[in-house]
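The file start04.txt comes next; it holds compact mmCIF, C-alpha atoms.
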# COMPACT_ATOMS: atom_id res chain seq x y z
CA MET A 4 55.27 136.97 125.41
CA GLY A 5 53.42 138.18 122.34
CA TYR A 6 51.77 136.56 119.35
CA ARG A 7 53.02 135.20 116.06
CA ILE A 8 50.74 136.88 113.51
CA VAL A 9 49.95 136.19 109.87
CA VAL A 10 48.27 138.69 107.52
CA ALA A 11 47.07 136.95 104.35
CA GLY A 12 46.15 139.29 101.53
CA ALA A 13 48.60 141.88 102.82
CA THR A 14 48.86 143.83 99.55
CA GLY A 15 45.12 144.61 99.33
CA ASN A 16 43.35 147.65 100.80
CA VAL A 17 42.10 145.77 103.86
CA GLY A 18 45.29 143.77 104.38
CA ARG A 19 47.40 146.93 104.44
CA GLU A 20 44.94 148.52 106.85
CA MET A 21 45.18 145.47 109.12
CA LEU A 22 48.95 145.92 109.31
CA ASN A 23 48.52 149.64 110.04
CA ILE A 24 46.00 149.04 112.83
CA LEU A 25 47.99 146.23 114.44
CA ALA A 26 50.89 148.69 114.70
CA GLU A 27 48.75 151.66 115.77
CA ARG A 28 47.04 149.74 118.57
CA GLU A 29 50.34 148.17 119.66
CA PHE A 30 48.97 144.66 119.42
CA PRO A 31 51.49 142.39 121.23
CA VAL A 32 53.33 140.95 118.23
CA ASP A 33 56.46 138.81 118.61
CA GLU A 34 56.66 137.97 114.94
CA ILE A 35 54.59 138.94 111.90
CA VAL A 36 54.50 137.72 108.32
CA ALA A 37 52.73 139.19 105.29
CA LEU A 38 51.35 136.71 102.76
CA ALA A 39 50.15 137.27 99.21
CA SER A 40 49.51 135.37 96.00
CA ARG A 41 52.46 134.49 93.80
CA ARG A 42 51.79 137.41 91.45
CA SER A 43 52.40 139.80 94.39
CA LEU A 44 55.32 137.87 95.85
CA GLY A 45 58.02 140.16 97.25
CA THR A 46 55.82 143.25 97.32
CA GLU A 47 56.80 145.48 100.22
CA VAL A 48 54.21 146.49 102.83
CA SER A 49 54.53 148.55 106.00
CA PHE A 50 54.08 147.44 109.58
CA GLY A 51 54.74 150.42 111.83
CA ASN A 52 58.32 151.49 111.10
CA LYS A 53 59.17 148.12 109.58
CA THR A 54 58.96 147.01 105.96
CA LEU A 55 57.81 143.48 105.24
CA LYS A 56 58.26 141.57 101.99
CA THR A 57 55.32 139.37 101.16
CA LYS A 58 55.75 135.61 101.16
CA ASP A 59 53.87 132.96 99.18
CA LEU A 60 50.51 132.04 100.71
CA ASP A 61 50.38 128.80 98.76
CA THR A 62 53.52 127.31 100.31
CA PHE A 63 53.27 128.85 103.79
CA ASP A 64 53.24 126.54 106.83
CA PHE A 65 50.87 127.90 109.53
CA THR A 66 52.19 125.53 112.20
CA GLY A 67 53.29 127.46 115.29
CA TRP A 68 51.54 130.69 114.33
CA ASP A 69 48.87 132.02 116.70
CA ILE A 70 46.45 134.20 114.67
CA ALA A 71 45.97 134.62 110.92
CA PHE A 72 44.03 137.55 109.50
CA PHE A 73 42.53 136.58 106.13
CA SER A 74 41.50 139.12 103.50
CA ILE A 75 41.84 137.10 100.32
CA GLY A 76 38.26 136.54 99.12
CA GLY A 77 35.98 133.59 99.61
CA GLU A 78 37.38 131.17 97.03
CA ALA A 79 40.98 131.38 98.27
CA THR A 80 39.80 131.35 101.89
CA LYS A 81 38.00 128.06 101.21
CA ILE A 82 41.39 126.52 100.41
CA TYR A 83 43.73 128.15 102.93
CA ALA A 84 41.63 128.86 106.04
CA PRO A 85 40.97 125.18 106.88
CA ARG A 86 44.66 124.52 106.35
CA ALA A 87 45.62 127.24 108.82
CA ALA A 88 42.94 126.22 111.32
CA ALA A 89 43.99 122.56 111.22
CA SER A 90 47.55 123.59 112.08
CA GLY A 91 46.36 125.28 115.29
CA CYS A 92 46.36 128.86 114.01
CA VAL A 93 43.14 130.81 114.73
CA VAL A 94 41.75 132.36 111.54
CA ILE A 95 39.93 135.71 111.59
CA ASP A 96 38.33 135.83 108.15
CA ASN A 97 37.12 138.98 106.40
CA SER A 98 35.29 137.22 103.57
CA SER A 99 31.63 136.18 103.65
CA LEU A 100 32.51 132.47 103.39
CA TYR A 101 31.95 131.49 107.02
CA ARG A 102 29.65 134.23 108.32
CA TYR A 103 26.48 132.16 108.18
CA ASP A 104 27.85 128.84 109.46
CA HIS A 105 26.09 128.10 112.76
CA ASP A 106 29.27 126.74 114.39
CA ILE A 107 31.50 129.71 113.47
CA PRO A 108 31.15 132.91 115.53
CA LEU A 109 30.38 136.17 113.74
CA VAL A 110 31.71 138.90 115.98
CA VAL A 111 31.53 142.66 116.53
CA PRO A 112 33.39 143.18 119.83
CA GLU A 113 31.19 146.06 121.04
CA VAL A 114 28.09 143.91 120.48
CA ASN A 115 28.78 140.20 121.14
CA PRO A 116 32.34 139.73 122.46
CA GLU A 117 31.35 136.55 124.27
CA ALA A 118 30.82 134.82 120.91
CA VAL A 119 34.60 134.79 120.37
CA GLU A 120 34.85 131.87 122.80
CA LEU A 121 33.04 129.65 120.27
CA TYR A 122 36.10 129.76 117.99
CA LYS A 123 37.30 126.41 119.38
CA LYS A 124 34.75 124.48 117.33
CA ARG A 125 36.60 125.11 114.05
CA ASN A 126 39.42 127.54 114.93
CA ILE A 127 37.79 130.20 112.72
CA ILE A 128 36.09 133.50 113.54
CA ALA A 129 34.16 135.47 110.92
CA ASN A 130 34.35 139.23 110.46
CA PRO A 131 30.99 140.74 109.38
CA ASN A 132 30.10 142.73 106.30
CA CYS A 133 31.28 146.35 106.48
CA SER A 134 27.78 147.84 106.35
CA THR A 135 26.51 145.49 109.07
CA ALA A 136 29.40 146.14 111.47
CA GLN A 137 28.84 149.87 111.82
CA MET A 138 25.05 149.50 112.01
CA VAL A 139 25.02 146.97 114.87
CA VAL A 140 27.51 149.05 116.88
CA ALA A 141 24.95 151.87 116.85
CA LEU A 142 21.92 149.60 117.37
CA LYS A 143 23.21 147.51 120.29
CA PRO A 144 22.97 150.11 123.11
CA LEU A 145 19.53 151.23 121.89
CA HIS A 146 18.35 147.62 121.70
CA ASP A 147 19.50 147.02 125.27
CA ARG A 148 17.35 149.93 126.43
CA ALA A 149 14.12 149.62 124.43
CA ARG A 150 14.21 146.35 122.38
CA ILE A 151 14.28 146.87 118.64
CA LYS A 152 11.42 145.35 116.63
CA ARG A 153 12.23 146.49 113.11
CA VAL A 154 15.01 148.25 111.20
CA VAL A 155 14.74 149.92 107.79
CA VAL A 156 18.14 150.93 106.43
CA ALA A 157 19.37 152.57 103.24
CA THR A 158 23.14 152.47 102.76
CA TYR A 159 25.43 154.84 100.90
CA GLN A 160 28.49 152.67 100.37
CA SER A 161 31.85 153.91 99.12
CA VAL A 162 33.70 152.39 96.19
CA SER A 163 36.57 151.13 98.37
CA GLY A 164 34.12 148.45 99.51
CA ALA A 165 34.61 147.00 96.03
CA GLY A 166 38.40 146.96 96.39
CA LYS A 167 41.12 148.73 94.44
CA ALA A 168 39.31 148.17 91.15
CA GLY A 169 36.33 150.14 92.47
CA VAL A 170 38.49 153.04 93.63
CA ASP A 171 40.35 153.11 90.31
CA GLU A 172 37.13 153.10 88.30
CA LEU A 173 35.69 156.09 90.15
CA TRP A 174 38.97 157.99 89.80
CA ASP A 175 39.41 157.19 86.09
CA GLN A 176 35.77 157.83 85.18
CA THR A 177 35.72 161.16 86.98
CA LYS A 178 38.83 162.33 85.12
CA GLY A 179 37.56 160.92 81.84
CA ILE A 180 34.35 162.93 81.96
CA TYR A 181 36.39 166.13 81.73
CA VAL A 182 38.85 164.93 79.07
CA PRO A 183 37.30 164.18 75.67
CA GLY A 184 38.51 160.84 74.33
CA GLN A 185 39.45 159.50 77.78
CA GLU A 186 35.99 158.38 78.86
CA VAL A 187 35.95 155.15 80.88
CA ALA A 188 33.11 152.64 80.47
CA PRO A 189 31.75 150.78 83.53
CA LYS A 190 33.66 147.59 84.27
CA LYS A 191 33.75 146.95 88.01
CA PHE A 192 30.29 148.48 88.46
CA THR A 193 27.15 147.84 86.41
CA LYS A 194 26.66 151.52 85.54
CA GLN A 195 28.71 154.70 85.60
CA ILE A 196 29.74 155.43 89.20
CA ALA A 197 31.21 158.91 88.68
CA PHE A 198 28.55 161.55 89.53
CA ASN A 199 26.01 158.78 89.96
CA VAL A 200 24.54 156.34 92.51
CA ILE A 201 23.88 152.66 91.84
CA PRO A 202 21.18 150.79 93.82
CA HIS A 203 22.88 147.45 93.29
CA ILE A 204 25.66 145.77 95.32
CA ASP A 205 26.47 142.07 94.79
CA VAL A 206 24.19 139.68 92.87
CA PHE A 207 20.41 139.77 92.65
CA LEU A 208 18.39 137.14 94.50
CA ASP A 209 15.04 135.60 93.54
CA ASP A 210 13.02 137.97 95.74
CA GLY A 211 14.48 141.08 94.05
CA SER A 212 16.89 141.95 96.85
CA THR A 213 20.65 141.83 96.39
CA LYS A 214 23.03 139.61 98.31
CA GLU A 215 24.49 142.67 100.08
CA GLU A 216 21.01 143.45 101.40
CA TRP A 217 20.49 139.85 102.44
CA LYS A 218 23.84 139.92 104.29
CA MET A 219 22.73 142.88 106.39
CA VAL A 220 19.54 141.06 107.37
CA ALA A 221 21.15 137.70 108.17
CA GLU A 222 24.17 139.15 109.97
CA THR A 223 22.19 141.56 112.14
CA LYS A 224 20.04 138.67 113.30
CA LYS A 225 23.07 136.47 114.05
CA ILE A 226 25.10 139.16 115.84
CA LEU A 227 22.42 141.16 117.64
CA ASP A 228 19.04 139.39 117.91
CA LYS A 229 17.32 136.89 115.61
CA SER A 230 13.90 138.40 116.39
CA ILE A 231 14.71 141.80 114.84
CA LYS A 232 13.11 142.37 111.44
CA VAL A 233 15.46 144.08 108.98
CA THR A 234 14.93 145.44 105.49
CA ALA A 235 17.78 147.05 103.56
CA THR A 236 18.47 148.91 100.33
CA CYS A 237 22.19 149.00 99.56
CA VAL A 238 23.51 151.70 97.26
CA ARG A 239 26.98 152.39 95.85
CA VAL A 240 27.89 156.08 95.82
CA PRO A 241 30.83 158.06 94.33
CA VAL A 242 32.76 158.32 97.61
CA PHE A 243 36.23 156.81 97.94
CA VAL A 244 36.16 155.75 101.62
CA GLY A 245 33.43 155.77 104.26
CA HIS A 246 30.03 154.09 104.34
CA SER A 247 26.93 156.01 105.43
CA GLU A 248 23.55 154.66 106.52
CA ALA A 249 20.14 156.22 107.07
CA ILE A 250 18.52 153.97 109.67
CA ASN A 251 14.89 153.96 110.80
CA ILE A 252 14.32 151.99 114.01
CA GLU A 253 11.04 150.83 115.54
CA PHE A 254 11.19 149.81 119.23
CA GLU A 255 8.95 147.83 121.57
CA GLU A 256 9.10 150.71 124.07
CA PHE A 257 9.15 154.47 123.65
CA LEU A 258 12.66 155.96 123.51
CA ASP A 259 13.04 159.72 123.52
CA TRP A 260 15.60 161.06 121.05
CA GLN A 261 17.47 162.93 123.78
CA GLU A 262 17.78 159.78 125.88
CA ALA A 263 18.93 157.90 122.77
CA GLN A 264 21.55 160.58 122.24
CA ASP A 265 22.76 160.19 125.83
CA ILE A 266 22.88 156.39 125.52
CA LEU A 267 24.89 156.57 122.31
CA ARG A 268 27.33 159.09 123.80
CA GLU A 269 28.24 156.47 126.41
CA ALA A 270 28.30 153.48 124.03
CA PRO A 271 31.63 151.78 123.21
CA GLY A 272 32.91 152.53 119.72
CA VAL A 273 30.34 155.29 119.09
CA LEU A 274 30.97 159.01 118.70
CA VAL A 275 27.92 161.27 118.55
CA ILE A 276 28.14 164.41 116.41
CA ASP A 277 24.61 165.74 116.52
CA LYS A 278 23.93 169.46 116.54
CA ARG A 279 20.79 170.74 114.87
CA GLU A 280 22.60 173.36 112.84
CA ASN A 281 24.53 173.69 109.59
CA GLY A 282 27.42 171.24 109.66
CA GLY A 283 26.38 169.69 112.96
CA TYR A 284 26.62 166.14 111.61
CA ILE A 285 29.28 163.81 110.25
CA THR A 286 30.00 162.97 106.59
CA PRO A 287 32.20 160.26 105.08
CA VAL A 288 35.09 162.62 104.28
CA GLU A 289 35.44 163.40 107.98
CA CYS A 290 35.47 159.79 109.19
CA VAL A 291 38.37 158.51 107.07
CA GLY A 292 41.18 157.11 109.19
CA ASP A 293 39.13 157.11 112.41
CA TYR A 294 38.17 154.14 114.57
CA ALA A 295 34.75 155.44 115.63
CA THR A 296 31.29 154.68 114.35
CA TYR A 297 29.76 158.15 114.12
CA VAL A 298 26.07 158.83 114.78
CA SER A 299 24.24 162.02 113.78
CA ARG A 300 20.69 163.25 112.99
CA ILE A 301 19.09 161.45 115.98
CA ARG A 302 15.40 162.32 115.88
CA GLN A 303 11.94 160.98 116.62
CA ASP A 304 9.92 159.27 113.88
CA SER A 305 6.36 160.42 114.43
CA THR A 306 4.93 158.01 111.82
CA VAL A 307 5.23 154.99 114.13
CA GLU A 308 4.47 154.57 117.82
CA ASN A 309 8.05 154.06 119.02
CA GLY A 310 10.41 155.19 116.29
CA LEU A 311 13.75 156.92 115.79
CA ASN A 312 15.83 157.94 112.79
CA ILE A 313 19.63 158.03 112.93
CA TRP A 314 22.49 158.68 110.49
CA VAL A 315 25.54 156.41 110.88
CA VAL A 316 28.93 156.89 109.21
CA SER A 317 32.19 154.93 109.51
CA ASP A 318 35.43 154.22 107.67
CA ASN A 319 34.58 150.94 105.95
CA LEU A 320 38.22 149.88 105.66
CA ARG A 321 38.60 150.31 109.42
CA LYS A 322 35.54 149.48 111.52
CA GLY A 323 33.96 147.81 108.52
CA ALA A 324 36.89 145.45 108.05
CA ALA A 325 40.43 145.76 109.41
CA LEU A 326 39.73 147.44 112.75
CA ASN A 327 36.96 145.00 113.65
CA ALA A 328 39.28 142.08 112.82
CA VAL A 329 42.02 143.43 115.10
CA GLN A 330 39.49 144.10 117.85
CA ILE A 331 38.37 140.47 117.53
CA ALA A 332 41.99 139.41 118.00
CA GLU A 333 42.25 141.61 121.09
CA VAL A 334 39.17 140.01 122.63
CA LEU A 335 40.41 136.56 121.64
CA GLY A 336 43.72 137.26 123.34
CA ASN A 337 42.18 138.66 126.52
CA ARG A 338 39.50 135.97 126.91
CA CYS A 339 41.10 132.85 125.50
CA LEU A 340 44.73 132.84 124.33
CA LYS A 341 46.07 135.08 127.12
CA LYS A 342 49.43 136.13 125.73
CA GLY A 343 50.96 139.58 125.65

Let me see whether you can do it: turn the structure in this file into structure tokens.
Amino acid sequence: MGYRIVVAGATGNVGREMLNILAEREFPVDEIVALASRRSLGTEVSFGNKTLKTKDLDTFDFTGWDIAFFSIGGEATKIYAPRAAASGCVVIDNSSLYRYDHDIPLVVPEVNPEAVELYKKRNIIANPNCSTAQMVVALKPLHDRARIKRVVVATYQSVSGAGKAGVDELWDQTKGIYVPGQEVAPKKFTKQIAFNVIPHIDVFLDDGSTKEEWKMVAETKKILDKSIKVTATCVRVPVFVGHSEAINIEFEEFLDWQEAQDILREAPGVLVIDKRENGGYITPVECVGDYATYVSRIRQDSTVENGLNIWVVSDNLRKGAALNAVQIAEVLGNRCLKKG
């Protein structure tokens, strides 16, 4: 016996990817429904070799459904997630709405799978921010070995993290630069994104950081270890898919870069591509469509007593969103619901 599955926000980038990954990983589905807002009602989406027509989220009855994947933004989630949860359907939410609630688990299955069991408090599980998810997958095995004290991270985040509007703006601006009279002014982003980088994601906070940077700090502490100090600079770059991160790690104990490389090679969800030669590292273009969190450029940091530098790259629509959500559902099924 399999699961009755709901995908809310099925016409968006992440919703479509959720459907793809559920099919790819052969998640035990008895029945599946795709939900969307009324303006997208009837839009066709793919689930394996099937075509689904979206139904109306607003009028949908979640009673009798097992798991609902939400990718509809925080404001809509605030309305519909409690409704689904109250009907007995477990919500796996991709928005930031519930990530910081103490009684809702925030889960990356390679890092804290046991947290899934806390879902019973409110029938909701939170999916982390895309930039956090890939970082903690790489940090966890190193933390287990040498205890991380401090992390300094600079992100290079693709425009797909800002949704379809972000992808369209990069595409249209890039074309417009070469065609006089077809220039495209910034709309989704605060400055031109084509051939540029923007050190600003989400709103600014009182201390000068952005909310995206704050998310990485708060989520790393909640998922991995509250004692780890984290400082982040989050940057939008003109890449369609794939987030990259330059991460500096300070440990309590010495960890040799070669041992770190060996540890990461054995870590779940990690793929090490690290040759000290031209092209011996991963870039965003090469990670698109893959499940792995890639790690390259593993090297000692001689400026601190116990330091390493690493380069981490992952498909933000997959591990950063849809894949992690499906992996949460897999853990939920194996540990708690026990169907399929």

Quick one: residues within 12 Å of Asp147 (chain A), only C-alpha atoms counted, chain neighbours fewer than 3 positions away excluded, as JSON, numbers by chain?
-> {"A": [114, 139, 140, 141, 142, 143, 144, 150, 151, 152, 227, 228, 254, 255, 256, 258, 263, 266, 267, 270]}

Residue subset to file, keeping C-alpha atoms, as a tab-separated table (two decimals), in the frame of the given file:
chain	number	residue	atom	x	y	z
A	114	VAL	CA	28.09	143.91	120.48
A	139	VAL	CA	25.02	146.97	114.87
A	140	VAL	CA	27.51	149.05	116.88
A	141	ALA	CA	24.95	151.87	116.85
A	142	LEU	CA	21.92	149.60	117.37
A	143	LYS	CA	23.21	147.51	120.29
A	144	PRO	CA	22.97	150.11	123.11
A	150	ARG	CA	14.21	146.35	122.38
A	151	ILE	CA	14.28	146.87	118.64
A	152	LYS	CA	11.42	145.35	116.63
A	227	LEU	CA	22.42	141.16	117.64
A	228	ASP	CA	19.04	139.39	117.91
A	254	PHE	CA	11.19	149.81	119.23
A	255	GLU	CA	8.95	147.83	121.57
A	256	GLU	CA	9.10	150.71	124.07
A	258	LEU	CA	12.66	155.96	123.51
A	263	ALA	CA	18.93	157.90	122.77
A	266	ILE	CA	22.88	156.39	125.52
A	267	LEU	CA	24.89	156.57	122.31
A	270	ALA	CA	28.30	153.48	124.03

Tell me which protein, DNA and RNA residues are within 8 Å of region 94-101 of chain A, counting only C-alpha atoms, leaving out same-chain ones fewer than 4 positions away, and put them as a ChimeraX atom specification.
-> /A:70-77,80-81,84,87-88,107,126-132,324,328,331-332

Using only C-alpha atoms, find all polymer residues with an atom at most 10 Å away from the point (40.4, 127.5, 120.5); report them as JSON, numbers by chain.
-> {"A": [88, 91, 92, 93, 119, 120, 121, 122, 123, 124, 125, 126, 127, 335, 339, 340]}

Any idea what the distance is between CA of Glu47 (chain A) and CA of Ala13 (chain A)?
-> 9.3 Å

Measuring atom to atom with only C-alpha atoms, identify which of A:Ala149, A:Ile196, A:Val154, A:Val206 is nearest to Ala235 (chain A).
-> A:Val154

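For the residues A:Ile276, A:Met138, A:Ala165, A:Ile8, ranking by smallest atom-to-atom distance to Ile250 (chain A) using only C-alpha atoms places A:Met138 first.
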
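If you look at CA of His146 (chain A) and CA of Asp304 (chain A), they are 16.4 Å away from each other.
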
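Reported to one decimal place, the separation of CA of Pro202 (chain A) from CA of Ala325 (chain A) is 25.3 Å.
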
Between A:Lys218, A:Lys167, A:Arg153, A:Arg19, which is the closest to Ser230 (chain A) once you count all atoms listed in the file?
-> A:Arg153

Neighbour list for Tyr6 (chain A) as a PDB file with C-alpha atoms, keeping the file's coordinate frame, cut-off 10 Å, all atoms listed in the file, skip fewer than 5 positions in-chain:
ATOM      1  CA  PHE A  30      48.970 144.660 119.420  1.00  0.00           C
ATOM      2  CA  PRO A  31      51.490 142.390 121.230  1.00  0.00           C
ATOM      3  CA  VAL A  32      53.330 140.950 118.230  1.00  0.00           C
ATOM      4  CA  ASP A  33      56.460 138.810 118.610  1.00  0.00           C
ATOM      5  CA  GLU A  34      56.660 137.970 114.940  1.00  0.00           C
ATOM      6  CA  ILE A  35      54.590 138.940 111.900  1.00  0.00           C
ATOM      7  CA  TRP A  68      51.540 130.690 114.330  1.00  0.00           C
ATOM      8  CA  ASP A  69      48.870 132.020 116.700  1.00  0.00           C
ATOM      9  CA  ILE A  70      46.450 134.200 114.670  1.00  0.00           C
ATOM     10  CA  GLY A 336      43.720 137.260 123.340  1.00  0.00           C
ATOM     11  CA  LEU A 340      44.730 132.840 124.330  1.00  0.00           C
ATOM     12  CA  LYS A 341      46.070 135.080 127.120  1.00  0.00           C
ATOM     13  CA  LYS A 342      49.430 136.130 125.730  1.00  0.00           C
ATOM     14  CA  GLY A 343      50.960 139.580 125.650  1.00  0.00           C
TER      15      GLY A 343
END

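Between Phe257 (chain A) and the candidates A:Val17, A:Leu311, A:Leu173, A:Ile285, the tightest atom-to-atom separation, counting only C-alpha atoms, involves A:Leu311.
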
File output for region 45-54 of chain A (all heavy atoms) as a PDB file, in the first residue's frame:
ATOM      1  N   GLY A  45      -6.225  23.921 -14.081  1.00  0.00           N
ATOM      2  CA  GLY A  45      -6.268  23.159 -15.325  1.00  0.00           C
ATOM      3  C   GLY A  45      -4.948  23.069 -16.060  1.00  0.00           C
ATOM      4  O   GLY A  45      -4.841  22.357 -17.065  1.00  0.00           O
ATOM      5  N   THR A  46      -3.932  23.767 -15.578  1.00  0.00           N
ATOM      6  CA  THR A  46      -2.609  23.663 -16.194  1.00  0.00           C
ATOM      7  C   THR A  46      -2.112  22.221 -16.084  1.00  0.00           C
ATOM      8  O   THR A  46      -2.287  21.569 -15.054  1.00  0.00           O
ATOM      9  CB  THR A  46      -1.607  24.599 -15.491  1.00  0.00           C
ATOM     10  OG1 THR A  46      -2.073  25.947 -15.602  1.00  0.00           O
ATOM     11  CG2 THR A  46      -0.219  24.492 -16.118  1.00  0.00           C
ATOM     12  N   GLU A  47      -1.515  21.723 -17.160  1.00  0.00           N
ATOM     13  CA  GLU A  47      -1.030  20.348 -17.152  1.00  0.00           C
ATOM     14  C   GLU A  47       0.414  20.284 -16.667  1.00  0.00           C
ATOM     15  O   GLU A  47       1.258  21.088 -17.064  1.00  0.00           O
ATOM     16  CB  GLU A  47      -1.142  19.736 -18.553  1.00  0.00           C
ATOM     17  CG  GLU A  47      -2.583  19.550 -19.007  1.00  0.00           C
ATOM     18  CD  GLU A  47      -2.689  18.795 -20.323  1.00  0.00           C
ATOM     19  OE1 GLU A  47      -1.658  18.674 -21.023  1.00  0.00           O
ATOM     20  OE2 GLU A  47      -3.798  18.323 -20.641  1.00  0.00           O
ATOM     21  N   VAL A  48       0.691  19.315 -15.785  1.00  0.00           N
ATOM     22  CA  VAL A  48       2.040  19.074 -15.282  1.00  0.00           C
ATOM     23  C   VAL A  48       2.330  17.582 -15.397  1.00  0.00           C
ATOM     24  O   VAL A  48       1.410  16.756 -15.443  1.00  0.00           O
ATOM     25  CB  VAL A  48       2.198  19.545 -13.811  1.00  0.00           C
ATOM     26  CG1 VAL A  48       2.100  21.062 -13.717  1.00  0.00           C
ATOM     27  CG2 VAL A  48       1.165  18.877 -12.916  1.00  0.00           C
ATOM     28  N   SER A  49       3.608  17.243 -15.427  1.00  0.00           N
ATOM     29  CA  SER A  49       4.003  15.849 -15.629  1.00  0.00           C
ATOM     30  C   SER A  49       4.356  15.176 -14.312  1.00  0.00           C
ATOM     31  O   SER A  49       4.996  15.769 -13.445  1.00  0.00           O
ATOM     32  CB  SER A  49       5.208  15.770 -16.574  1.00  0.00           C
ATOM     33  OG  SER A  49       4.869  16.268 -17.849  1.00  0.00           O
ATOM     34  N   PHE A  50       3.948  13.908 -14.222  1.00  0.00           N
ATOM     35  CA  PHE A  50       4.376  13.042 -13.125  1.00  0.00           C
ATOM     36  C   PHE A  50       4.765  11.705 -13.756  1.00  0.00           C
ATOM     37  O   PHE A  50       3.902  10.891 -14.084  1.00  0.00           O
ATOM     38  CB  PHE A  50       3.261  12.869 -12.101  1.00  0.00           C
ATOM     39  CG  PHE A  50       3.573  11.831 -11.047  1.00  0.00           C
ATOM     40  CD1 PHE A  50       4.630  12.026 -10.165  1.00  0.00           C
ATOM     41  CD2 PHE A  50       2.828  10.664 -10.949  1.00  0.00           C
ATOM     42  CE1 PHE A  50       4.934  11.062  -9.208  1.00  0.00           C
ATOM     43  CE2 PHE A  50       3.125   9.711  -9.997  1.00  0.00           C
ATOM     44  CZ  PHE A  50       4.181   9.907  -9.118  1.00  0.00           C
ATOM     45  N   GLY A  51       6.069  11.520 -13.962  1.00  0.00           N
ATOM     46  CA  GLY A  51       6.534  10.347 -14.692  1.00  0.00           C
ATOM     47  C   GLY A  51       5.958  10.362 -16.101  1.00  0.00           C
ATOM     48  O   GLY A  51       6.067  11.364 -16.811  1.00  0.00           O
ATOM     49  N   ASN A  52       5.299   9.284 -16.492  1.00  0.00           N
ATOM     50  CA  ASN A  52       4.689   9.239 -17.826  1.00  0.00           C
ATOM     51  C   ASN A  52       3.223   9.649 -17.805  1.00  0.00           C
ATOM     52  O   ASN A  52       2.506   9.480 -18.791  1.00  0.00           O
ATOM     53  CB  ASN A  52       4.833   7.835 -18.439  1.00  0.00           C
ATOM     54  CG  ASN A  52       4.230   6.747 -17.562  1.00  0.00           C
ATOM     55  OD1 ASN A  52       3.548   7.047 -16.577  1.00  0.00           O
ATOM     56  ND2 ASN A  52       4.463   5.496 -17.919  1.00  0.00           N
ATOM     57  N   LYS A  53       2.782  10.203 -16.691  1.00  0.00           N
ATOM     58  CA  LYS A  53       1.407  10.668 -16.570  1.00  0.00           C
ATOM     59  C   LYS A  53       1.339  12.187 -16.698  1.00  0.00           C
ATOM     60  O   LYS A  53       2.302  12.886 -16.399  1.00  0.00           O
ATOM     61  CB  LYS A  53       0.807  10.247 -15.224  1.00  0.00           C
ATOM     62  CG  LYS A  53       0.709   8.739 -15.016  1.00  0.00           C
ATOM     63  CD  LYS A  53       0.127   8.439 -13.641  1.00  0.00           C
ATOM     64  CE  LYS A  53       0.056   6.933 -13.404  1.00  0.00           C
ATOM     65  NZ  LYS A  53      -0.475   6.630 -12.039  1.00  0.00           N
ATOM     66  N   THR A  54       0.187  12.668 -17.104  1.00  0.00           N
ATOM     67  CA  THR A  54      -0.077  14.104 -17.142  1.00  0.00           C
ATOM     68  C   THR A  54      -1.201  14.409 -16.159  1.00  0.00           C
ATOM     69  O   THR A  54      -2.259  13.764 -16.197  1.00  0.00           O
ATOM     70  CB  THR A  54      -0.471  14.556 -18.555  1.00  0.00           C
ATOM     71  OG1 THR A  54       0.602  14.280 -19.460  1.00  0.00           O
ATOM     72  CG2 THR A  54      -0.766  16.054 -18.576  1.00  0.00           C
TER      73      THR A  54
END
